[in-house]
>>> print(open('upload.pdb').read())   # PDB, C-alpha atoms
ATOM      1  CA  MET A  95     -60.903  38.387 -56.688
ATOM      2  CA  ILE A  96     -64.363  37.449 -57.955
ATOM      3  CA  LEU A  97     -66.027  39.526 -55.237
ATOM      4  CA  THR A  98     -63.837  42.529 -56.092
ATOM      5  CA  LEU A  99     -64.652  42.187 -59.801
ATOM      6  CA  CYS A 100     -68.375  41.961 -59.051
ATOM      7  CA  ALA A 101     -68.186  44.974 -56.793
ATOM      8  CA  THR A 102     -66.230  46.931 -59.412
ATOM      9  CA  LEU A 103     -68.732  46.158 -62.153
ATOM     10  CA  LEU A 104     -71.595  47.074 -59.828
ATOM     11  CA  ALA A 105     -69.916  50.355 -58.870
ATOM     12  CA  CYS A 106     -69.233  51.230 -62.531
ATOM     13  CA  SER A 107     -72.836  50.524 -63.414
ATOM     14  CA  LEU A 108     -74.044  52.782 -60.619
ATOM     15  CA  ASP A 109     -71.639  55.535 -61.753
ATOM     16  CA  PHE A 110     -72.849  55.566 -65.339
ATOM     17  CA  ILE A 111     -76.492  55.331 -64.259
ATOM     18  CA  LEU A 112     -75.879  58.360 -62.050
ATOM     19  CA  ILE A 113     -74.040  60.328 -64.748
ATOM     20  CA  TYR A 114     -76.191  59.578 -67.784
ATOM     21  CA  SER A 115     -79.633  58.807 -66.402
ATOM     22  CA  PHE A 116     -79.759  61.677 -63.926
ATOM     23  CA  GLU A 117     -77.557  63.999 -66.023
ATOM     24  CA  VAL A 118     -75.056  64.686 -63.268
ATOM     25  CA  TYR A 119     -72.732  67.047 -65.150
ATOM     26  CA  HIS A 120     -70.485  69.907 -64.166
ATOM     27  CA  PRO A 121     -69.614  72.864 -66.409
ATOM     28  CA  PHE A 122     -65.956  71.930 -66.243
ATOM     29  CA  ILE A 123     -66.608  68.218 -66.909
ATOM     30  CA  GLU A 124     -67.790  68.020 -70.483
ATOM     31  CA  ASP A 125     -65.012  65.914 -71.883
ATOM     32  CA  VAL A 126     -65.957  62.212 -72.026
ATOM     33  CA  TRP A 127     -62.545  61.164 -70.742
ATOM     34  CA  LEU A 128     -62.968  63.344 -67.697
ATOM     35  CA  ILE A 129     -66.352  61.710 -67.104
ATOM     36  CA  VAL A 130     -64.791  58.256 -67.398
ATOM     37  CA  SER A 131     -62.015  59.319 -65.026
ATOM     38  CA  LEU A 132     -64.610  60.478 -62.528
ATOM     39  CA  ALA A 133     -66.366  57.116 -62.807
ATOM     40  CA  VAL A 134     -63.081  55.304 -62.176
ATOM     41  CA  ILE A 135     -62.318  57.433 -59.116
ATOM     42  CA  ILE A 136     -65.791  56.876 -57.693
ATOM     43  CA  THR A 137     -65.464  53.155 -58.434
ATOM     44  CA  PHE A 138     -62.118  53.032 -56.644
ATOM     45  CA  LEU A 139     -63.742  54.553 -53.552
ATOM     46  CA  VAL A 140     -66.957  52.516 -53.632
ATOM     47  CA  THR A 141     -65.551  49.083 -54.539
ATOM     48  CA  PRO A 142     -63.938  48.287 -51.139
ATOM     49  CA  MET A 143     -67.168  49.071 -49.303
ATOM     50  CA  LEU A 144     -69.208  46.957 -51.701
ATOM     51  CA  SER A 145     -66.675  44.119 -51.461
ATOM     52  CA  TRP A 146     -66.889  44.050 -47.671
ATOM     53  CA  TYR A 147     -70.662  44.217 -47.824
ATOM     54  CA  LEU A 148     -70.812  41.275 -50.253
ATOM     55  CA  ILE A 149     -68.327  39.268 -48.156
ATOM     56  CA  GLY A 150     -70.437  39.858 -45.050
ATOM     57  CA  LEU A 151     -73.595  38.907 -46.915
ATOM     58  CA  PHE A 152     -72.091  35.664 -48.264
ATOM     59  CA  PHE A 153     -70.724  34.850 -44.797
ATOM     60  CA  LYS A 154     -74.183  35.263 -43.249
ATOM     61  CA  VAL A 155     -75.726  33.061 -45.927
ATOM     62  CA  ASP A 156     -73.046  30.415 -45.340
ATOM     63  CA  GLN A 157     -73.629  30.525 -41.561
ATOM     64  CA  LEU A 158     -77.375  30.218 -42.108
ATOM     65  CA  GLU A 159     -76.875  27.168 -44.336
ATOM     66  CA  LEU A 160     -74.667  25.541 -41.680
ATOM     67  CA  GLU A 161     -77.283  26.224 -38.997
ATOM     68  CA  MET A 162     -80.060  24.797 -41.154
ATOM     69  CA  ALA A 163     -77.973  21.682 -41.908
ATOM     70  CA  LYS A 164     -77.304  21.246 -38.184
ATOM     71  CA  ILE A 165     -80.981  21.622 -37.319
ATOM     72  CA  ALA A 166     -81.846  19.021 -39.954
ATOM     73  CA  LYS A 167     -79.758  16.312 -38.298
ATOM     74  CA  ILE A 168     -79.183  17.204 -34.613
ATOM     75  CA  ASP A 169     -81.627  16.755 -31.742
ATOM     76  CA  ASP A 170     -81.532  20.095 -29.953
ATOM     77  CA  LEU A 171     -82.072  18.741 -26.425
ATOM     78  CA  THR A 172     -79.557  15.881 -26.372
ATOM     79  CA  LYS A 173     -77.125  17.067 -29.106
ATOM     80  CA  THR A 174     -77.248  13.585 -30.634
ATOM     81  CA  PHE A 175     -78.401  12.846 -34.190
ATOM     82  CA  ASN A 176     -82.148  12.886 -34.679
ATOM     83  CA  ARG A 177     -84.068   9.791 -35.763
ATOM     84  CA  GLY A 178     -84.291  10.676 -39.454
ATOM     85  CA  TYR A 179     -80.589  11.388 -39.909
ATOM     86  CA  PHE A 180     -79.486   8.455 -37.749
ATOM     87  CA  TYR A 181     -81.662   6.035 -39.727
ATOM     88  CA  LYS A 182     -80.548   7.381 -43.124
ATOM     89  CA  GLU A 183     -76.858   7.407 -42.200
ATOM     90  CA  SER A 184     -77.121   3.885 -40.742
ATOM     91  CA  GLU A 185     -78.614   2.636 -44.011
ATOM     92  CA  ARG A 186     -75.755   4.282 -45.915
ATOM     93  CA  ILE A 187     -73.114   2.667 -43.698
ATOM     94  CA  LEU A 188     -74.701  -0.765 -43.975
ATOM     95  CA  SER A 189     -75.007  -0.475 -47.761
ATOM     96  CA  GLN A 190     -71.284   0.131 -48.219
ATOM     97  CA  GLU A 191     -69.169  -2.741 -49.493
ATOM     98  CA  ASP A 192     -66.970  -4.259 -46.809
ATOM     99  CA  GLU A 193     -64.487  -6.962 -47.804
ATOM    100  CA  LEU A 194     -62.926  -7.204 -44.350
ATOM    101  CA  LEU A 195     -64.724 -10.130 -42.759
ATOM    102  CA  VAL A 196     -62.445 -11.306 -39.968
ATOM    103  CA  PRO A 197     -63.495 -13.897 -37.357
ATOM    104  CA  ASP A 198     -64.918 -12.311 -34.194
ATOM    105  CA  ILE A 199     -65.670  -9.089 -36.091
ATOM    106  CA  SER A 200     -69.201  -7.994 -36.851
ATOM    107  CA  SER A 201     -69.787  -5.620 -39.725
ATOM    108  CA  PHE A 202     -71.633  -3.493 -37.205
ATOM    109  CA  ALA A 203     -73.152  -3.510 -33.743
ATOM    110  CA  LEU A 204     -76.419  -1.716 -33.059
ATOM    111  CA  LEU A 205     -77.260  -0.774 -29.493
ATOM    112  CA  VAL A 206     -80.847   0.263 -28.795
ATOM    113  CA  MET A 207     -81.506   1.664 -25.332
ATOM    114  CA  ASP A 208     -84.425   2.929 -23.300
ATOM    115  CA  LEU A 209     -84.285   4.852 -20.026
ATOM    116  CA  ASP A 210     -85.913   2.864 -17.228
ATOM    117  CA  ASN A 211     -89.102   4.187 -15.608
ATOM    118  CA  PHE A 212     -88.757   7.499 -17.418
ATOM    119  CA  LYS A 213     -92.503   8.154 -17.257
ATOM    120  CA  GLN A 214     -92.326   7.988 -13.484
ATOM    121  CA  ILE A 215     -89.611  10.661 -13.483
ATOM    122  CA  ASN A 216     -91.814  12.932 -15.586
ATOM    123  CA  ASP A 217     -94.872  12.256 -13.451
ATOM    124  CA  GLN A 218     -93.102  12.724 -10.125
ATOM    125  CA  TYR A 219     -90.721  15.601 -10.883
ATOM    126  CA  GLY A 220     -92.135  17.194 -14.036
ATOM    127  CA  HIS A 221     -91.049  17.447 -17.653
ATOM    128  CA  ASP A 222     -88.322  19.979 -16.905
ATOM    129  CA  CYS A 223     -86.589  17.332 -14.819
ATOM    130  CA  GLY A 224     -87.229  14.777 -17.544
ATOM    131  CA  ASP A 225     -85.539  17.057 -20.076
ATOM    132  CA  LYS A 226     -82.503  17.388 -17.801
ATOM    133  CA  VAL A 227     -82.305  13.597 -17.580
ATOM    134  CA  LEU A 228     -82.487  13.269 -21.369
ATOM    135  CA  ALA A 229     -79.823  15.942 -21.866
ATOM    136  CA  GLU A 230     -77.521  14.272 -19.327
ATOM    137  CA  PHE A 231     -77.985  10.861 -20.911
ATOM    138  CA  GLY A 232     -77.201  12.353 -24.335
ATOM    139  CA  ARG A 233     -73.978  13.734 -22.879
ATOM    140  CA  ILE A 234     -73.092  10.319 -21.414
ATOM    141  CA  LEU A 235     -73.636   8.640 -24.786
ATOM    142  CA  LEU A 236     -71.599  11.191 -26.751
ATOM    143  CA  GLU A 237     -68.788  10.921 -24.202
ATOM    144  CA  SER A 238     -68.840   7.106 -24.191
ATOM    145  CA  ALA A 239     -69.421   6.324 -27.887
ATOM    146  CA  LYS A 240     -67.037   8.562 -29.780
ATOM    147  CA  SER A 241     -66.479   8.583 -33.563
ATOM    148  CA  PRO A 242     -66.636   6.450 -35.688
ATOM    149  CA  ASN A 243     -69.567   5.334 -33.529
ATOM    150  CA  MET A 244     -72.802   7.178 -34.248
ATOM    151  CA  VAL A 245     -75.264   8.233 -31.543
ATOM    152  CA  GLY A 246     -78.917   9.066 -32.175
ATOM    153  CA  ARG A 247     -82.123   9.800 -30.322
ATOM    154  CA  LEU A 248     -84.921   7.694 -31.785
ATOM    155  CA  GLY A 249     -87.655   9.531 -29.918
ATOM    156  CA  GLY A 250     -88.752  10.156 -26.356
ATOM    157  CA  GLU A 251     -86.387   8.312 -24.016
ATOM    158  CA  GLU A 252     -85.154   5.847 -26.662
ATOM    159  CA  PHE A 253     -81.648   6.134 -28.114
ATOM    160  CA  ALA A 254     -79.334   4.093 -30.343
ATOM    161  CA  VAL A 255     -75.633   3.697 -31.086
ATOM    162  CA  LEU A 256     -74.261   2.256 -34.327
ATOM    163  CA  MET A 257     -70.749   0.808 -34.128
ATOM    164  CA  PRO A 258     -69.203   0.147 -37.567
ATOM    165  CA  ASN A 259     -66.839  -2.845 -37.779
ATOM    166  CA  ALA A 260     -67.053  -3.586 -34.075
ATOM    167  CA  ARG A 261     -65.776  -6.671 -32.309
ATOM    168  CA  TYR A 262     -68.355  -8.488 -30.224
ATOM    169  CA  VAL A 263     -66.471  -7.732 -27.022
ATOM    170  CA  GLU A 264     -66.253  -4.027 -27.917
ATOM    171  CA  ALA A 265     -70.025  -3.774 -28.233
ATOM    172  CA  GLU A 266     -70.545  -5.456 -24.864
ATOM    173  CA  GLU A 267     -67.885  -3.298 -23.221
ATOM    174  CA  LEU A 268     -69.575  -0.156 -24.508
ATOM    175  CA  ALA A 269     -72.991  -1.302 -23.279
ATOM    176  CA  GLU A 270     -71.562  -2.100 -19.844
ATOM    177  CA  LYS A 271     -69.810   1.283 -19.748
ATOM    178  CA  ILE A 272     -73.025   3.142 -20.624
ATOM    179  CA  CYS A 273     -74.993   1.262 -17.960
ATOM    180  CA  ALA A 274     -72.364   2.013 -15.304
ATOM    181  CA  LYS A 275     -72.024   5.708 -16.158
ATOM    182  CA  THR A 276     -75.794   6.174 -16.312
ATOM    183  CA  ARG A 277     -76.511   4.758 -12.864
ATOM    184  CA  MET A 278     -73.700   6.861 -11.361
ATOM    185  CA  HIS A 279     -74.498  10.241 -12.960
ATOM    186  CA  GLY A 280     -77.710  11.689 -11.571
ATOM    187  CA  VAL A 281     -79.046  15.180 -12.291
ATOM    188  CA  ASP A 282     -79.588  17.989  -9.794
ATOM    189  CA  TYR A 283     -83.180  19.167  -9.650
ATOM    190  CA  ASN A 284     -84.820  21.291  -6.930
ATOM    191  CA  ASN A 285     -82.031  20.501  -4.460
ATOM    192  CA  GLN A 286     -82.395  16.778  -5.123
ATOM    193  CA  LYS A 287     -80.196  14.281  -6.917
ATOM    194  CA  ILE A 288     -82.300  12.336  -9.414
ATOM    195  CA  PHE A 289     -80.736   9.030 -10.458
ATOM    196  CA  PHE A 290     -81.815   6.925 -13.417
ATOM    197  CA  THR A 291     -80.831   3.748 -15.259
ATOM    198  CA  VAL A 292     -80.980   2.354 -18.790
ATOM    199  CA  SER A 293     -81.735  -0.986 -20.459
ATOM    200  CA  ILE A 294     -79.819  -1.868 -23.630
ATOM    201  CA  GLY A 295     -80.332  -4.397 -26.397
ATOM    202  CA  ILE A 296     -77.528  -5.308 -28.793
ATOM    203  CA  SER A 297     -77.751  -6.648 -32.325
ATOM    204  CA  LEU A 298     -74.534  -8.145 -33.723
ATOM    205  CA  ASP A 299     -74.457  -9.125 -37.371
ATOM    206  CA  VAL A 300     -71.878  -9.907 -40.037
ATOM    207  CA  LYS A 301     -72.750  -8.009 -43.174
ATOM    208  CA  SER A 302     -74.547  -9.971 -45.830
ATOM    209  CA  ALA A 303     -76.945  -9.316 -48.683
ATOM    210  CA  SER A 304     -79.869  -9.738 -46.292
ATOM    211  CA  THR A 305     -78.546  -7.337 -43.663
ATOM    212  CA  THR A 306     -80.812  -4.322 -43.185
ATOM    213  CA  ILE A 307     -81.073  -1.628 -40.571
ATOM    214  CA  ASP A 308     -84.706  -2.628 -40.030
ATOM    215  CA  GLY A 309     -83.664  -6.171 -39.144
ATOM    216  CA  ALA A 310     -80.967  -4.893 -36.792
ATOM    217  CA  PHE A 311     -83.445  -2.611 -35.023
ATOM    218  CA  LYS A 312     -85.890  -5.486 -34.543
ATOM    219  CA  GLU A 313     -83.195  -7.708 -33.031
ATOM    220  CA  ALA A 314     -81.866  -4.957 -30.751
ATOM    221  CA  ASP A 315     -85.409  -4.078 -29.645
ATOM    222  CA  MET A 316     -86.105  -7.695 -28.713
ATOM    223  CA  ALA A 317     -82.880  -7.882 -26.704
ATOM    224  CA  MET A 318     -83.670  -4.567 -25.010
ATOM    225  CA  TYR A 319     -87.120  -5.750 -23.893
ATOM    226  CA  GLN A 320     -85.478  -8.920 -22.618
ATOM    227  CA  ALA A 321     -83.208  -6.714 -20.503
ATOM    228  CA  LYS A 322     -86.316  -4.926 -19.183
ATOM    229  CA  ASP A 323     -87.944  -8.246 -18.314
ATOM    230  CA  LYS A 324     -84.850  -9.388 -16.427
ATOM    231  CA  GLY A 325     -84.947  -6.384 -14.108
ATOM    232  CA  ARG A 326     -83.686  -3.358 -16.095
ATOM    233  CA  ASP A 327     -80.354  -1.556 -15.628
ATOM    234  CA  ARG A 328     -78.516  -4.063 -17.821
ATOM    235  CA  TYR A 329     -77.796  -5.094 -21.412
ATOM    236  CA  MET A 330     -78.668  -8.186 -23.396
ATOM    237  CA  VAL A 331     -77.299  -9.423 -26.722
ATOM    238  CA  PHE A 332     -79.789 -10.758 -29.244
ATOM    239  CA  GLY A 333     -79.473 -14.523 -29.643
ATOM    240  CA  LEU A 334     -77.055 -14.896 -26.733
ATOM    241  CA  SER A 335     -77.592 -15.655 -23.079
ATOM    242  CA  ASN A 336     -75.413 -13.262 -21.113
ATOM    243  CA  ASP A 337     -76.857 -13.616 -17.614
ATOM    244  CA  SER A 338     -73.302 -13.534 -16.278
ATOM    245  CA  ASN A 339     -73.089  -9.929 -17.484
ATOM    246  CA  VAL A 340     -76.264  -8.831 -15.720
ATOM    247  CA  VAL A 341     -75.669  -6.016 -13.257
ATOM    248  CA  PRO A 342     -77.940  -5.783 -10.199
ATOM    249  CA  MET A 343     -79.974  -2.605  -9.860
ATOM    250  CA  PHE A 344     -78.991   0.026  -7.330
TER     251      PHE A 344
END
>>> encode(input="upload.pdb", output="structure tokens")
Amino acid sequence: MILTLCATLLACSLDFILIYSFEVYHPFIEDVWLIVSLAVIITFLVTPMLSWYLIGLFFKVDQLELEMAKIAKIDDLTKTFNRGYFYKESERILSQEDELLVPDISSFALLVMDLDNFKQINDQYGHDCGDKVLAEFGRILLESAKSPNMVGRLGGEEFAVLMPNARYVEAEELAEKICAKTRMHGVDYNNQKIFFTVSIGISLDVKSASTTIDGAFKEADMAMYQAKDKGRDRYMVFGLSNDSNVVPMF
């Protein structure tokens, strides 16, 4: 309705500009009412075309805005959230009030993960192969950690998953699932199957006034490096000894 009105007004304006500014008259059209009638007829013919043009223009603008918004938060290679959006959204989630504090439930679980020996893959097979590995790992994460979990690429071969209101066992189960899927799903490159593994650190914390995403990242990073030190291809929980959950490398 608004588009039609705008198009009608625009068409009327063009009609009167044409008639009065350029003196488009006809010997038989000297009566003002006949001139107005002509303007109405022209408007009736022009308005649908202008309406469709405006609709198409607004649709293109809307699509462009959606694309720009997507680019601003999605990592193009892995289809996960980029570092900036992941960090900002994590801060927002952690800042929300949460009155549900049930035993064995953390307000969140943060998993920080790093692909093992990724530099060697790049050096041996090239960056194209490395990009295929990153894209495949992004797919594994998005398939394993569905909403409301949030998946992000922090940079290079480092990724993170935020699990809101997760039970301790759920965080460990997800980490174990990611490790298992990663070691099983190689990528095809130059008629070879390239396999890779991941090390994961988990931060579990009940929300409090002192809880920050920075603190969670530090804890998860420490646990992740502990997993690297213990042989890679495994997960570790910050502050807990989970050697029984260590999976031998293949």
>>> axis_aligned_box(input="upload.pdb", around="segment 226-233 of chain A", padding_each_side="4 Å", output="JSON")
{"center_x": -78.2, "center_y": 14.1, "center_z": -21.0, "size_x": 16.5, "size_y": 14.5, "size_z": 14.8}
>>> resolve_selection(input="upload.pdb", expression="the PyMOL selection byres ((chain A and resi 177) around 7)", output="VMD selection string")
chain A and resid 175 to 176 178 to 181 246 to 249
>>> write_last_selection(input="upload.pdb", atoms="C-alpha atoms", output="short mmCIF file (atom, residue, chain, number, x, y, z; two decimals), keeping the file's coordinate frame")
data_model
loop_
_atom_site.label_atom_id
_atom_site.label_comp_id
_atom_site.auth_asym_id
_atom_site.auth_seq_id
_atom_site.Cartn_x
_atom_site.Cartn_y
_atom_site.Cartn_z
CA PHE A 175 -78.40 12.85 -34.19
CA ASN A 176 -82.15 12.89 -34.68
CA GLY A 178 -84.29 10.68 -39.45
CA TYR A 179 -80.59 11.39 -39.91
CA PHE A 180 -79.49 8.46 -37.75
CA TYR A 181 -81.66 6.04 -39.73
CA GLY A 246 -78.92 9.07 -32.17
CA ARG A 247 -82.12 9.80 -30.32
CA LEU A 248 -84.92 7.69 -31.78
CA GLY A 249 -87.66 9.53 -29.92
#
>>> closest_residue(input="upload.pdb", among="A:Phe332, A:Tyr219, A:Phe253, A:Phe202", to="Tyr283 of chain A", atoms="all atoms listed in the file")
A:Tyr219
>>> atom_distance(input="upload.pdb", atom1="atom CA of Ser189 of chain A", atom2="atom CA of Ser293 of chain A")
28.1 Å
>>> closest_residue(input="upload.pdb", among="A:Ala310, A:Leu205, A:Val281, A:Ile234", to="Glu264 of chain A", atoms="all atoms listed in the file")
A:Leu205
>>> residues_around(input="upload.pdb", residues="Ile294 of chain A", least_positions_apart="3", cutoff="12 Å", atoms="all atoms listed in the file", output="number ranges by chain")
A: 204-210, 252-255, 265-266, 268-274, 276, 291, 297, 311, 313-332, 340-341
>>> atom_distance(input="upload.pdb", atom1="atom CA of Val245 of chain A", atom2="atom CA of Gly232 of chain A")
8.5 Å
>>> residues_near_point(input="upload.pdb", point="(-85.8, 17.8, -21.9)", cutoff="12 Å", atoms="all atoms listed in the file", output="list in words")
Asp169, Asp170, Leu171, Thr172, Lys173, Phe212, Ile215, Asn216, Gly220, His221, Asp222, Cys223, Gly224, Asp225, Lys226, Val227, Leu228, Ala229, Glu230, Phe231, Gly232, Gly249, Gly250 and Glu251 of chain A
>>> atom_distance(input="upload.pdb", atom1="atom CA of Leu256 of chain A", atom2="atom CA of Asn243 of chain A")
5.7 Å
